[in-house]
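Source file: query_34.pdb; contents: PDB, C-alpha atoms and all ligand atoms.
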```pdb
ATOM      1  CA  MET A   1     -20.545 -29.443   8.384
ATOM      2  CA  VAL A   2     -18.991 -26.047   9.104
ATOM      3  CA  ALA A   3     -21.438 -23.230   9.814
ATOM      4  CA  ALA A   4     -21.737 -20.910   6.818
ATOM      5  CA  GLY A   5     -19.265 -18.063   6.976
ATOM      6  CA  VAL A   6     -16.973 -19.623   9.608
ATOM      7  CA  ARG A   7     -13.381 -19.614   8.502
ATOM      8  CA  ARG A   8     -11.437 -22.891   8.214
ATOM      9  CA  VAL A   9      -7.856 -21.972   9.071
ATOM     10  CA  LEU A  10      -4.508 -23.761   8.739
ATOM     11  CA  VAL A  11      -1.564 -22.406  10.742
ATOM     12  CA  THR A  12       1.896 -23.610   9.718
ATOM     13  CA  GLY A  13       4.694 -23.254  12.260
ATOM     14  CA  ALA A  14       1.995 -23.423  14.925
ATOM     15  CA  LEU A  15       4.445 -24.492  17.658
ATOM     16  CA  GLY A  16       6.728 -21.500  17.135
ATOM     17  CA  GLN A  17       6.952 -18.226  19.064
ATOM     18  CA  ILE A  18       4.254 -16.435  17.032
ATOM     19  CA  GLY A  19       2.421 -19.560  15.840
ATOM     20  CA  THR A  20       1.594 -20.733  19.350
ATOM     21  CA  GLU A  21      -0.057 -17.458  20.357
ATOM     22  CA  LEU A  22      -1.707 -16.885  16.968
ATOM     23  CA  THR A  23      -3.265 -20.361  17.004
ATOM     24  CA  ARG A  24      -4.620 -19.765  20.504
ATOM     25  CA  GLU A  25      -6.212 -16.431  19.523
ATOM     26  CA  LEU A  26      -7.650 -17.785  16.259
ATOM     27  CA  ARG A  27      -9.229 -20.688  18.168
ATOM     28  CA  ARG A  28     -10.683 -18.263  20.691
ATOM     29  CA  ARG A  29     -12.252 -16.255  17.885
ATOM     30  CA  LEU A  30     -13.274 -19.012  15.435
ATOM     31  CA  GLY A  31     -13.718 -22.085  17.610
ATOM     32  CA  GLU A  32     -11.112 -24.758  18.270
ATOM     33  CA  ARG A  33     -12.357 -27.162  15.597
ATOM     34  CA  ASN A  34     -11.982 -24.535  12.844
ATOM     35  CA  VAL A  35      -8.251 -23.939  13.324
ATOM     36  CA  VAL A  36      -5.859 -26.713  12.264
ATOM     37  CA  ALA A  37      -2.430 -26.289  13.845
ATOM     38  CA  SER A  38       0.524 -27.809  12.042
ATOM     39  CA  SER A  39       4.236 -28.183  12.600
ATOM     40  CA  ARG A  40       7.194 -30.179  11.310
ATOM     41  CA  ARG A  41       7.638 -31.186  14.965
ATOM     42  CA  THR A  42       5.280 -33.421  16.892
ATOM     43  CA  VAL A  43       3.839 -31.996  20.074
ATOM     44  CA  PRO A  44       3.707 -33.850  23.400
ATOM     45  CA  ALA A  45       0.217 -34.700  24.622
ATOM     46  CA  GLY A  46      -1.359 -32.163  26.935
ATOM     47  CA  SER A  47      -0.101 -29.081  25.153
ATOM     48  CA  GLU A  48      -1.337 -27.355  22.003
ATOM     49  CA  ARG A  49      -2.357 -30.706  20.467
ATOM     50  CA  GLU A  50      -5.094 -31.052  23.058
ATOM     51  CA  ALA A  51      -6.559 -27.653  22.245
ATOM     52  CA  GLY A  52      -7.716 -28.575  18.749
ATOM     53  CA  PRO A  53      -6.832 -30.293  15.452
ATOM     54  CA  PHE A  54      -3.088 -30.796  14.925
ATOM     55  CA  VAL A  55      -1.194 -32.281  11.958
ATOM     56  CA  VAL A  56       2.516 -32.962  11.488
ATOM     57  CA  LEU A  57       3.332 -31.044   8.311
ATOM     58  CA  ASP A  58       6.589 -30.071   6.610
ATOM     59  CA  VAL A  59       5.801 -27.173   4.253
ATOM     60  CA  THR A  60       8.550 -28.309   1.877
ATOM     61  CA  GLU A  61       6.387 -31.373   1.081
ATOM     62  CA  ARG A  62       3.780 -29.935  -1.283
ATOM     63  CA  GLU A  63       1.698 -33.098  -1.692
ATOM     64  CA  VAL A  64       1.174 -33.419   2.069
ATOM     65  CA  LEU A  65       0.384 -29.708   2.277
ATOM     66  CA  GLU A  66      -2.227 -29.916  -0.507
ATOM     67  CA  GLN A  67      -3.772 -33.044   1.005
ATOM     68  CA  THR A  68      -4.023 -31.281   4.402
ATOM     69  CA  VAL A  69      -5.700 -28.231   2.824
ATOM     70  CA  ARG A  70      -8.210 -30.299   0.847
ATOM     71  CA  GLU A  71      -9.065 -32.797   3.633
ATOM     72  CA  ASN A  72      -9.673 -30.001   6.148
ATOM     73  CA  ARG A  73     -11.519 -27.692   3.724
ATOM     74  CA  ILE A  74      -9.077 -24.888   4.524
ATOM     75  CA  ASP A  75      -9.991 -21.419   3.217
ATOM     76  CA  THR A  76      -7.388 -19.380   5.138
ATOM     77  CA  ILE A  77      -3.677 -20.079   5.726
ATOM     78  CA  TYR A  78      -1.400 -18.336   8.229
ATOM     79  CA  HIS A  79       2.034 -19.427   7.028
ATOM     80  CA  LEU A  80       4.540 -18.957   9.850
ATOM     81  CA  ALA A  81       6.889 -21.901   9.332
ATOM     82  CA  ALA A  82      10.369 -20.492   8.707
ATOM     83  CA  ILE A  83      14.015 -20.651   9.717
ATOM     84  CA  LEU A  84      15.000 -17.407  11.466
ATOM     85  CA  SER A  85      18.038 -15.212  10.877
ATOM     86  CA  ALA A  86      20.691 -16.582  13.233
ATOM     87  CA  VAL A  87      19.957 -20.271  12.582
ATOM     88  CA  ALA A  88      19.650 -19.579   8.841
ATOM     89  CA  GLU A  89      23.240 -18.307   8.651
ATOM     90  CA  GLY A  90      24.358 -21.736   9.866
ATOM     91  CA  ASP A  91      22.579 -23.557   7.006
ATOM     92  CA  PRO A  92      21.749 -21.124   4.178
ATOM     93  CA  GLU A  93      20.709 -23.867   1.749
ATOM     94  CA  ARG A  94      18.131 -25.296   4.136
ATOM     95  CA  ALA A  95      16.951 -21.805   5.077
ATOM     96  CA  TRP A  96      16.301 -21.067   1.378
ATOM     97  CA  HIS A  97      14.498 -24.408   0.949
ATOM     98  CA  VAL A  98      12.193 -23.927   3.929
ATOM     99  CA  ASN A  99      11.639 -20.171   3.633
ATOM    100  CA  VAL A 100      11.306 -19.824  -0.153
ATOM    101  CA  ASP A 101      10.269 -23.257  -1.462
ATOM    102  CA  GLY A 102       7.962 -23.614   1.555
ATOM    103  CA  LEU A 103       6.271 -20.293   0.794
ATOM    104  CA  GLY A 104       6.053 -21.212  -2.889
ATOM    105  CA  ASN A 105       4.283 -24.453  -1.917
ATOM    106  CA  VAL A 106       1.798 -22.532   0.231
ATOM    107  CA  LEU A 107       1.023 -19.992  -2.496
ATOM    108  CA  GLU A 108       0.663 -22.628  -5.245
ATOM    109  CA  THR A 109      -1.466 -24.842  -3.002
ATOM    110  CA  ALA A 110      -3.640 -21.849  -2.103
ATOM    111  CA  ARG A 111      -4.090 -21.072  -5.813
ATOM    112  CA  ARG A 112      -4.936 -24.671  -6.771
ATOM    113  CA  CYS A 113      -7.293 -25.281  -3.821
ATOM    114  CA  GLY A 114      -9.144 -21.964  -3.958
ATOM    115  CA  VAL A 115      -7.910 -20.779  -0.564
ATOM    116  CA  GLU A 116      -9.411 -17.322   0.010
ATOM    117  CA  GLN A 117      -6.650 -15.655   2.047
ATOM    118  CA  VAL A 118      -3.011 -16.206   3.000
ATOM    119  CA  PHE A 119      -1.036 -14.405   5.718
ATOM    120  CA  TRP A 120       2.749 -14.575   5.494
ATOM    121  CA  PRO A 121       5.139 -12.495   7.655
ATOM    122  CA  SER A 122       8.095 -10.764   6.116
ATOM    123  CA  SER A 123      10.608  -9.044   8.406
ATOM    124  CA  ILE A 124      12.594  -5.861   8.842
ATOM    125  CA  ALA A 125      15.452  -8.229   7.984
ATOM    126  CA  ALA A 126      14.379  -7.687   4.352
ATOM    127  CA  PHE A 127      16.261  -4.374   4.561
ATOM    128  CA  GLY A 128      20.046  -4.242   4.524
ATOM    129  CA  PRO A 129      23.134  -2.020   4.625
ATOM    130  CA  GLY A 130      22.017  -0.172   1.443
ATOM    131  CA  SER A 131      18.647   0.822   2.963
ATOM    132  CA  PRO A 132      18.153   3.980   5.059
ATOM    133  CA  LEU A 133      18.336   2.466   8.562
ATOM    134  CA  GLU A 134      16.681   5.285  10.468
ATOM    135  CA  HIS A 135      12.887   5.642   9.959
ATOM    136  CA  THR A 136      13.226   3.091   7.146
ATOM    137  CA  PRO A 137      10.647   3.868   4.426
ATOM    138  CA  GLN A 138       7.991   1.410   3.199
ATOM    139  CA  ASP A 139       9.453   1.497  -0.329
ATOM    140  CA  THR A 140      13.255   1.758  -0.572
ATOM    141  CA  VAL A 141      16.450  -0.088  -1.499
ATOM    142  CA  MET A 142      16.376  -3.700  -0.282
ATOM    143  CA  ARG A 143      19.684  -5.585  -0.521
ATOM    144  CA  PRO A 144      19.864  -7.627   2.715
ATOM    145  CA  SER A 145      23.160  -9.249   3.687
ATOM    146  CA  THR A 146      21.666 -12.367   5.368
ATOM    147  CA  ILE A 147      20.123 -15.431   3.708
ATOM    148  CA  TYR A 148      17.087 -14.857   5.944
ATOM    149  CA  GLY A 149      16.732 -11.323   4.542
ATOM    150  CA  VAL A 150      17.250 -12.577   0.980
ATOM    151  CA  SER A 151      14.506 -15.183   1.537
ATOM    152  CA  LYS A 152      12.188 -12.470   2.881
ATOM    153  CA  VAL A 153      12.700 -10.108  -0.096
ATOM    154  CA  THR A 154      12.180 -13.059  -2.438
ATOM    155  CA  GLY A 155       9.032 -14.020  -0.525
ATOM    156  CA  GLU A 156       7.621 -10.512  -0.784
ATOM    157  CA  LEU A 157       8.125 -10.555  -4.567
ATOM    158  CA  LEU A 158       6.577 -14.036  -4.834
ATOM    159  CA  CYS A 159       3.505 -12.881  -2.889
ATOM    160  CA  ASP A 160       3.193  -9.817  -5.125
ATOM    161  CA  TYR A 161       3.355 -12.106  -8.185
ATOM    162  CA  TYR A 162       0.606 -14.441  -6.922
ATOM    163  CA  HIS A 163      -1.574 -11.466  -6.134
ATOM    164  CA  ARG A 164      -0.994  -9.760  -9.467
ATOM    165  CA  ARG A 165      -1.034 -12.892 -11.701
ATOM    166  CA  TYR A 166      -3.696 -14.986  -9.962
ATOM    167  CA  GLY A 167      -5.561 -12.527  -7.745
ATOM    168  CA  LEU A 168      -4.582 -14.442  -4.594
ATOM    169  CA  ASP A 169      -5.394 -12.382  -1.476
ATOM    170  CA  VAL A 170      -2.032 -12.726   0.283
ATOM    171  CA  ARG A 171      -1.224 -10.260   3.042
ATOM    172  CA  GLY A 172       1.669  -9.719   5.418
ATOM    173  CA  VAL A 173       3.780  -7.382   7.483
ATOM    174  CA  ARG A 174       7.507  -6.858   7.989
ATOM    175  CA  TYR A 175       7.721  -7.832  11.653
ATOM    176  CA  PRO A 176      10.424  -6.319  13.868
ATOM    177  CA  GLY A 177      11.860  -8.344  16.743
ATOM    178  CA  VAL A 178       9.009 -10.053  18.587
ATOM    179  CA  ILE A 179       9.076 -10.192  22.387
ATOM    180  CA  SER A 180       6.821 -12.674  24.192
ATOM    181  CA  SER A 181       6.452 -14.599  27.429
ATOM    182  CA  GLY A 182       5.048 -17.811  25.953
ATOM    183  CA  ALA A 183       6.740 -20.168  23.504
ATOM    184  CA  PRO A 184      10.477 -19.379  23.253
ATOM    185  CA  PRO A 185      11.852 -17.532  20.194
ATOM    186  CA  GLY A 186      13.237 -19.813  17.503
ATOM    187  CA  GLY A 187      16.819 -18.824  16.777
ATOM    188  CA  GLY A 188      16.585 -15.212  15.705
ATOM    189  CA  THR A 189      18.955 -12.306  16.216
ATOM    190  CA  THR A 190      16.448 -10.553  18.489
ATOM    191  CA  ASP A 191      16.182 -13.488  20.897
ATOM    192  CA  TYR A 192      18.419 -11.597  23.382
ATOM    193  CA  ALA A 193      15.464  -9.367  24.289
ATOM    194  CA  VAL A 194      13.353 -12.331  25.445
ATOM    195  CA  GLU A 195      16.317 -14.051  27.108
ATOM    196  CA  MET A 196      17.040 -10.875  29.134
ATOM    197  CA  PHE A 197      13.541 -10.980  30.653
ATOM    198  CA  GLN A 198      13.834 -14.715  31.367
ATOM    199  CA  ALA A 199      17.170 -14.214  33.163
ATOM    200  CA  ALA A 200      15.828 -11.309  35.232
ATOM    201  CA  VAL A 201      12.799 -13.306  36.408
ATOM    202  CA  ALA A 202      15.035 -16.270  37.276
ATOM    203  CA  GLY A 203      17.306 -14.003  39.315
ATOM    204  CA  ARG A 204      20.220 -14.653  36.977
ATOM    205  CA  PRO A 205      22.614 -12.172  35.311
ATOM    206  CA  TYR A 206      22.469 -12.110  31.511
ATOM    207  CA  THR A 207      25.207 -11.773  28.880
ATOM    208  CA  SER A 208      23.799 -10.161  25.746
ATOM    209  CA  PHE A 209      25.125 -11.356  22.383
ATOM    210  CA  VAL A 210      24.689  -7.859  20.942
ATOM    211  CA  SER A 211      26.319  -4.673  22.255
ATOM    212  CA  ALA A 212      24.707  -2.346  24.789
ATOM    213  CA  ALA A 213      24.268   0.335  22.135
ATOM    214  CA  THR A 214      22.485  -1.944  19.622
ATOM    215  CA  VAL A 215      19.120  -0.388  18.751
ATOM    216  CA  LEU A 216      16.455  -2.475  16.974
ATOM    217  CA  PRO A 217      12.716  -2.076  16.295
ATOM    218  CA  MET A 218      10.623  -4.386  18.481
ATOM    219  CA  ILE A 219       6.992  -5.355  19.044
ATOM    220  CA  TYR A 220       5.244  -7.055  21.958
ATOM    221  CA  MET A 221       3.360 -10.266  21.170
ATOM    222  CA  PRO A 222      -0.195  -8.949  21.794
ATOM    223  CA  ASP A 223       0.479  -6.222  19.193
ATOM    224  CA  CYS A 224       2.116  -8.777  16.875
ATOM    225  CA  ILE A 225      -1.053 -10.897  16.893
ATOM    226  CA  LYS A 226      -3.336  -7.856  16.636
ATOM    227  CA  ALA A 227      -1.470  -6.673  13.521
ATOM    228  CA  ALA A 228      -1.899 -10.008  11.726
ATOM    229  CA  LEU A 229      -5.615 -10.279  12.506
ATOM    230  CA  ASP A 230      -6.412  -6.607  11.846
ATOM    231  CA  LEU A 231      -4.655  -6.761   8.472
ATOM    232  CA  MET A 232      -6.479  -9.960   7.476
ATOM    233  CA  GLU A 233      -9.825  -8.372   8.347
ATOM    234  CA  ALA A 234      -9.086  -5.099   6.523
ATOM    235  CA  ASP A 235     -10.961  -4.105   3.360
ATOM    236  CA  LEU A 236      -8.819  -5.343   0.437
ATOM    237  CA  ALA A 237      -9.901  -2.337  -1.646
ATOM    238  CA  GLN A 238      -8.166  -0.053   0.885
ATOM    239  CA  LEU A 239      -4.806  -1.859   0.609
ATOM    240  CA  THR A 240      -2.111  -0.577  -1.713
ATOM    241  CA  HIS A 241       0.716  -2.774  -0.448
ATOM    242  CA  HIS A 242      -1.137  -6.029   0.425
ATOM    243  CA  ASN A 243       1.863  -7.938   1.794
ATOM    244  CA  ALA A 244       5.059  -6.607   3.413
ATOM    245  CA  PHE A 245       3.744  -3.647   5.366
ATOM    246  CA  ASN A 246       6.423  -1.979   7.493
ATOM    247  CA  LEU A 247       5.453  -2.499  11.111
ATOM    248  CA  ALA A 248       6.933  -1.388  14.408
ATOM    249  CA  ALA A 249       5.847  -0.425  17.888
ATOM    250  CA  MET A 250       9.067   0.761  19.547
ATOM    251  CA  SER A 251      12.827   0.913  19.159
ATOM    252  CA  PHE A 252      15.323   0.672  22.006
ATOM    253  CA  SER A 253      18.898  -0.334  22.727
ATOM    254  CA  ALA A 254      19.864  -3.472  24.634
ATOM    255  CA  ALA A 255      21.065  -1.200  27.468
ATOM    256  CA  GLU A 256      17.711   0.651  27.534
ATOM    257  CA  LEU A 257      15.915  -2.690  27.826
ATOM    258  CA  ALA A 258      18.156  -3.733  30.723
ATOM    259  CA  ALA A 259      17.444  -0.402  32.441
ATOM    260  CA  ALA A 260      13.684  -0.803  31.948
ATOM    261  CA  ILE A 261      13.901  -4.254  33.576
ATOM    262  CA  ARG A 262      16.042  -2.904  36.441
ATOM    263  CA  ALA A 263      13.297  -0.382  37.235
ATOM    264  CA  HIS A 264      11.381  -3.444  38.485
ATOM    265  CA  ALA A 265      14.273  -5.784  39.366
ATOM    266  CA  PRO A 266      17.041  -3.541  40.773
ATOM    267  CA  ASP A 267      19.481  -6.421  41.221
ATOM    268  CA  PHE A 268      19.324  -7.507  37.570
ATOM    269  CA  HIS A 269      22.766  -7.364  35.945
ATOM    270  CA  CYS A 270      23.434  -7.466  32.206
ATOM    271  CA  ASP A 271      26.781  -7.455  30.445
ATOM    272  CA  TYR A 272      27.552  -7.559  26.723
ATOM    273  CA  ASP A 273      29.666  -9.963  24.664
ATOM    274  CA  PRO A 274      28.770  -9.510  20.976
ATOM    275  CA  ASP A 275      29.059 -12.561  18.730
ATOM    276  CA  TYR A 276      28.327 -13.243  15.020
ATOM    277  CA  ARG A 277      24.810 -11.947  15.477
ATOM    278  CA  GLN A 278      26.118  -8.399  15.996
ATOM    279  CA  ALA A 279      26.860  -8.075  12.281
ATOM    280  CA  ILE A 280      23.307  -9.210  11.468
ATOM    281  CA  ALA A 281      21.807  -6.680  13.892
ATOM    282  CA  ASP A 282      24.028  -3.895  12.515
ATOM    283  CA  SER A 283      22.643  -4.530   9.000
ATOM    284  CA  TRP A 284      19.045  -3.976  10.091
ATOM    285  CA  PRO A 285      17.001  -0.779  10.567
ATOM    286  CA  ARG A 286      17.107   0.999  13.902
ATOM    287  CA  SER A 287      13.657   2.512  13.409
ATOM    288  CA  ILE A 288      10.803   1.959  10.952
ATOM    289  CA  ASP A 289       8.339   4.225   9.143
ATOM    290  CA  ASP A 290       5.073   2.274   9.417
ATOM    291  CA  ALA A 291       2.843   5.103   8.133
ATOM    292  CA  ALA A 292       1.458   2.934   5.296
ATOM    293  CA  ALA A 293       0.114   0.354   7.763
ATOM    294  CA  ARG A 294      -1.395   3.113   9.900
ATOM    295  CA  ARG A 295      -2.972   4.756   6.859
ATOM    296  CA  GLU A 296      -4.199   1.715   4.933
ATOM    297  CA  TRP A 297      -5.545  -0.491   7.749
ATOM    298  CA  GLY A 298      -5.392   1.521  10.958
ATOM    299  CA  TRP A 299      -2.304  -0.003  12.583
ATOM    300  CA  SER A 300      -1.789   1.339  16.107
ATOM    301  CA  PRO A 301       0.344  -0.501  18.677
ATOM    302  CA  ALA A 302      -0.830  -0.661  22.302
ATOM    303  CA  TYR A 303       2.497  -1.425  24.020
ATOM    304  CA  ASP A 304       5.579   0.736  24.483
ATOM    305  CA  LEU A 305       8.738  -0.280  26.390
ATOM    306  CA  PRO A 306       7.449   0.477  29.930
ATOM    307  CA  ALA A 307       4.065  -1.205  29.334
ATOM    308  CA  MET A 308       5.657  -4.261  27.735
ATOM    309  CA  THR A 309       8.230  -4.573  30.531
ATOM    310  CA  ARG A 310       5.559  -4.494  33.240
ATOM    311  CA  ASP A 311       3.439  -7.107  31.450
ATOM    312  CA  MET A 312       6.343  -9.401  30.525
ATOM    313  CA  LEU A 313       7.713  -9.476  34.092
ATOM    314  CA  ALA A 314       4.240 -10.094  35.515
ATOM    315  CA  ARG A 315       3.530 -12.974  33.109
ATOM    316  CA  LEU A 316       6.964 -14.599  33.455
ATOM    317  CA  GLY A 317       6.837 -14.190  37.232
ATOM    318  CA  ALA A 318       3.415 -15.835  37.405
ATOM    319  CA  ALA A 319       4.561 -18.694  35.135
ATOM    320  CA  ARG A 320       7.635 -19.250  37.345
ATOM    321  CA  ARG A 321       5.509 -19.417  40.482
ATOM    322  CA  THR A 322       3.188 -22.037  38.963
ATOM    323  CA  SER A 323       5.926 -24.165  37.343
TER
HETATM  324  C1  LIG B 401      14.905 -12.865  13.788
HETATM  325  N1  LIG B 401      12.992 -12.623  15.252
HETATM  326  O1  LIG B 401      15.586 -12.391  14.708
HETATM  327  C2  LIG B 401      13.397 -12.619  13.843
HETATM  328  C3  LIG B 401      13.008 -11.288  13.226
HETATM  329  C4  LIG B 401      13.579  -8.858  12.860
HETATM  330  C5  LIG B 401      13.968 -10.161  13.509
HETATM  331  O2  LIG B 401      12.751 -11.414  11.862
HETATM  332  O3  LIG B 401      15.388 -13.510  12.874
END
```
Turn this file's structure into structure tokens for me.
Amino acid sequence: MVAAGVRRVLVTGALGQIGTELTRELRRRLGERNVVASSRRTVPAGSEREAGPFVVLDVTEREVLEQTVRENRIDTIYHLAAILSAVAEGDPERAWHVNVDGLGNVLETARRCGVEQVFWPSSIAAFGPGSPLEHTPQDTVMRPSTIYGVSKVTGELLCDYYHRRYGLDVRGVRYPGVISSGAPPGGGTTDYAVEMFQAAVAGRPYTSFVSAATVLPMIYMPDCIKAALDLMEADLAQLTHHNAFNLAAMSFSAAELAAAIRAHAPDFHCDYDPDYRQAIADSWPRSIDDAAARREWGWSPAYDLPAMTRDMLARLGAARRTS
């Protein structure tokens, strides 16, 4: 029997870059037994599986999803399972199936099972060449040129529909590139930022797949997790946008990131050899106006580029020494 008032949470994509850290923080706050981690992949013994309940779950299989929600008495879903921008361009049909049909399954299951809250992350990838790309507004033209961006705009509209039509409390943010020292990123266009840190700590040079001058909005993982949990705990009556809040913490070029790393690792060398992901990056905002998130639920990032760089290098260095 779950203590009255304790959330029963399901995390999809719980083995991914964000899912791994979000599951860990939710379990710290709610108790391990109250957070069910799920993934399409199985997890080797001794890792996240050992830390609490884990189920193998493909979000495109609605019956399995509904059975998991009912059997575990889930009242809150953090839906992170998705195919990211770079991988999605290699298989647009599957990206649509996972990102859109998967979200549709989560929303319909939440409606049918009386789930109280759903968190689903959109992305700055929901903007495109037709959007203002400097200080991109919360509400503006959204005609993304990637299937990932198309799936994110569609998802935002689907979440709005379920909130308006059924009153489902679904919330989310448009994440920028996420930088973290834990689970590796999963095939996005911003993965170069994490890979640069990993190369520097390993004493290796790095070849960036975007140009030195490429500027993108980024967020450090502790702020990424804080945003999700702060938004989910916010007073619904104060929210105008519900899902798809613009969110950012910093913007910098690939060359500025390399320089910030070299301030700690003077021998680190980075060169630049743009590939197909350059066109994706060029279609995205360079900076974001996240005033709505700051106004409606008090968003305030803790990490800027110098603070993130110090913490990332310290964590990766410590992990390397113990591996
Ligand atoms: C990606 N990391 O690169 C994700 C993110 C804004 C980028 O959505 O696809």
Which chains and residue numbers are within 6 Å of ligand LIG 401 (chain B), counting only C-alpha atoms and all ligand atoms, if I want them as an mmCIF file with C-alpha atoms, in the coordinates of the input?
```cif
data_model
loop_
_atom_site.group_PDB
_atom_site.id
_atom_site.type_symbol
_atom_site.label_atom_id
_atom_site.label_comp_id
_atom_site.auth_asym_id
_atom_site.auth_seq_id
_atom_site.Cartn_x
_atom_site.Cartn_y
_atom_site.Cartn_z
ATOM 1 C CA LEU A 84 15.000 -17.407 11.466
ATOM 2 C CA SER A 85 18.038 -15.212 10.877
ATOM 3 C CA SER A 123 10.608 -9.044 8.406
ATOM 4 C CA ILE A 124 12.594 -5.861 8.842
ATOM 5 C CA ALA A 125 15.452 -8.229 7.984
ATOM 6 C CA PRO A 176 10.424 -6.319 13.868
ATOM 7 C CA GLY A 177 11.860 -8.344 16.743
ATOM 8 C CA VAL A 178 9.009 -10.053 18.587
ATOM 9 C CA GLY A 188 16.585 -15.212 15.705
ATOM 10 C CA THR A 189 18.955 -12.306 16.216
ATOM 11 C CA THR A 190 16.448 -10.553 18.489
#
```
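Residue nearest Gln17 of chain A, chosen from A:Gln67, A:Thr154, A:Thr76, A:Ser180 and counting only C-alpha atoms: A:Ser180.
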Sorted by chain and rising residue number, list the residues of segment 89-127 of chain A at most 8 Å from segment 136-152 of chain A (counting all atoms listed in the file), each with its closest atom pair and distance in Å to one decimal, as JSON lines.
```
{"residue": "A:Glu89", "atom": "CA", "partner": "A:Ile147", "partner_atom": "CA", "distance": 6.5}
{"residue": "A:Pro92", "atom": "CA", "partner": "A:Ile147", "partner_atom": "CA", "distance": 5.9}
{"residue": "A:Ala95", "atom": "CA", "partner": "A:Tyr148", "partner_atom": "CA", "distance": 7.0}
{"residue": "A:Trp96", "atom": "CA", "partner": "A:Ser151", "partner_atom": "CA", "distance": 6.2}
{"residue": "A:Asn99", "atom": "CA", "partner": "A:Ser151", "partner_atom": "CA", "distance": 6.1}
{"residue": "A:Val100", "atom": "CA", "partner": "A:Ser151", "partner_atom": "CA", "distance": 5.9}
{"residue": "A:Ser122", "atom": "CA", "partner": "A:Lys152", "partner_atom": "CA", "distance": 5.5}
{"residue": "A:Ser123", "atom": "CA", "partner": "A:Lys152", "partner_atom": "CA", "distance": 6.7}
{"residue": "A:Ala125", "atom": "CA", "partner": "A:Gly149", "partner_atom": "CA", "distance": 4.8}
{"residue": "A:Ala126", "atom": "CA", "partner": "A:Gly149", "partner_atom": "CA", "distance": 4.3}
{"residue": "A:Phe127", "atom": "CA", "partner": "A:Met142", "partner_atom": "CA", "distance": 4.9}
```
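Of the listed residues A:Ala314, A:Ile18, A:Val55, A:Val173, the one whose atoms come nearest to Gln198 of chain A is A:Ala314, with distances taken using all atoms listed in the file.
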Need to verify the contact set: Asp58 of chain A, 8 Å, all atoms listed in the file, exclusion of same-chain residues closer than 6 positions in sequence. Can you return it as a ChimeraX atom specification?
/A:39-40,64-65
Could you tell me which residues the PyMOL selection byres (((chain A and resi 114) around 12) and not hetatm) returns for this structure, as a ChimeraX atom specification?
/A:66,69-70,73-77,106-113,115-118,166-169
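Nearest to Asp160 of chain A of all the residues A:His241, A:Leu80, A:Gly130, A:Met250 is A:His241, counting all atoms listed in the file.
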How would you write, as JSON, numbers by chain, the residues chosen by the PyMOL selection byres (((chain A and resi 212-215) around 6) and not hetatm) on this structure?
{"A": [211, 216, 252, 253, 254, 255, 286]}
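Take atom CA of Phe197 of chain A and atom CA of Ala265 of chain A: the distance between them is 10.2 Å.
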Could you list, as a PyMOL selection string, every residue within 7 Å of segment 276-280 of chain A, counting all atoms listed in the file and ignoring same-chain residues fewer than 4 positions away?
chain A and resi 86+189+209-210+284
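Note that atom CA of Ala199 of chain A and atom CA of Ser181 of chain A are 12.2 Å apart.
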Which residues are near segment 26-31 of chain A? Cut-off 10 Å, only C-alpha atoms, ignore same chain within fewer than 4 positions. Put them as a PyMOL selection string.
chain A and resi 6-9+11+21-22+35-37+51-52+225+229
Step by step, gather every atom of segment 270-285 of chain A that the file lists, find the box along x, y and z that holds them, add 3 Å on each side, and finally give centre and edge lengths in Å to one decimal, as JSON.
```
{"center_x": 23.3, "center_y": -7.0, "center_z": 20.6, "size_x": 18.7, "size_y": 18.5, "size_z": 29.2}
```
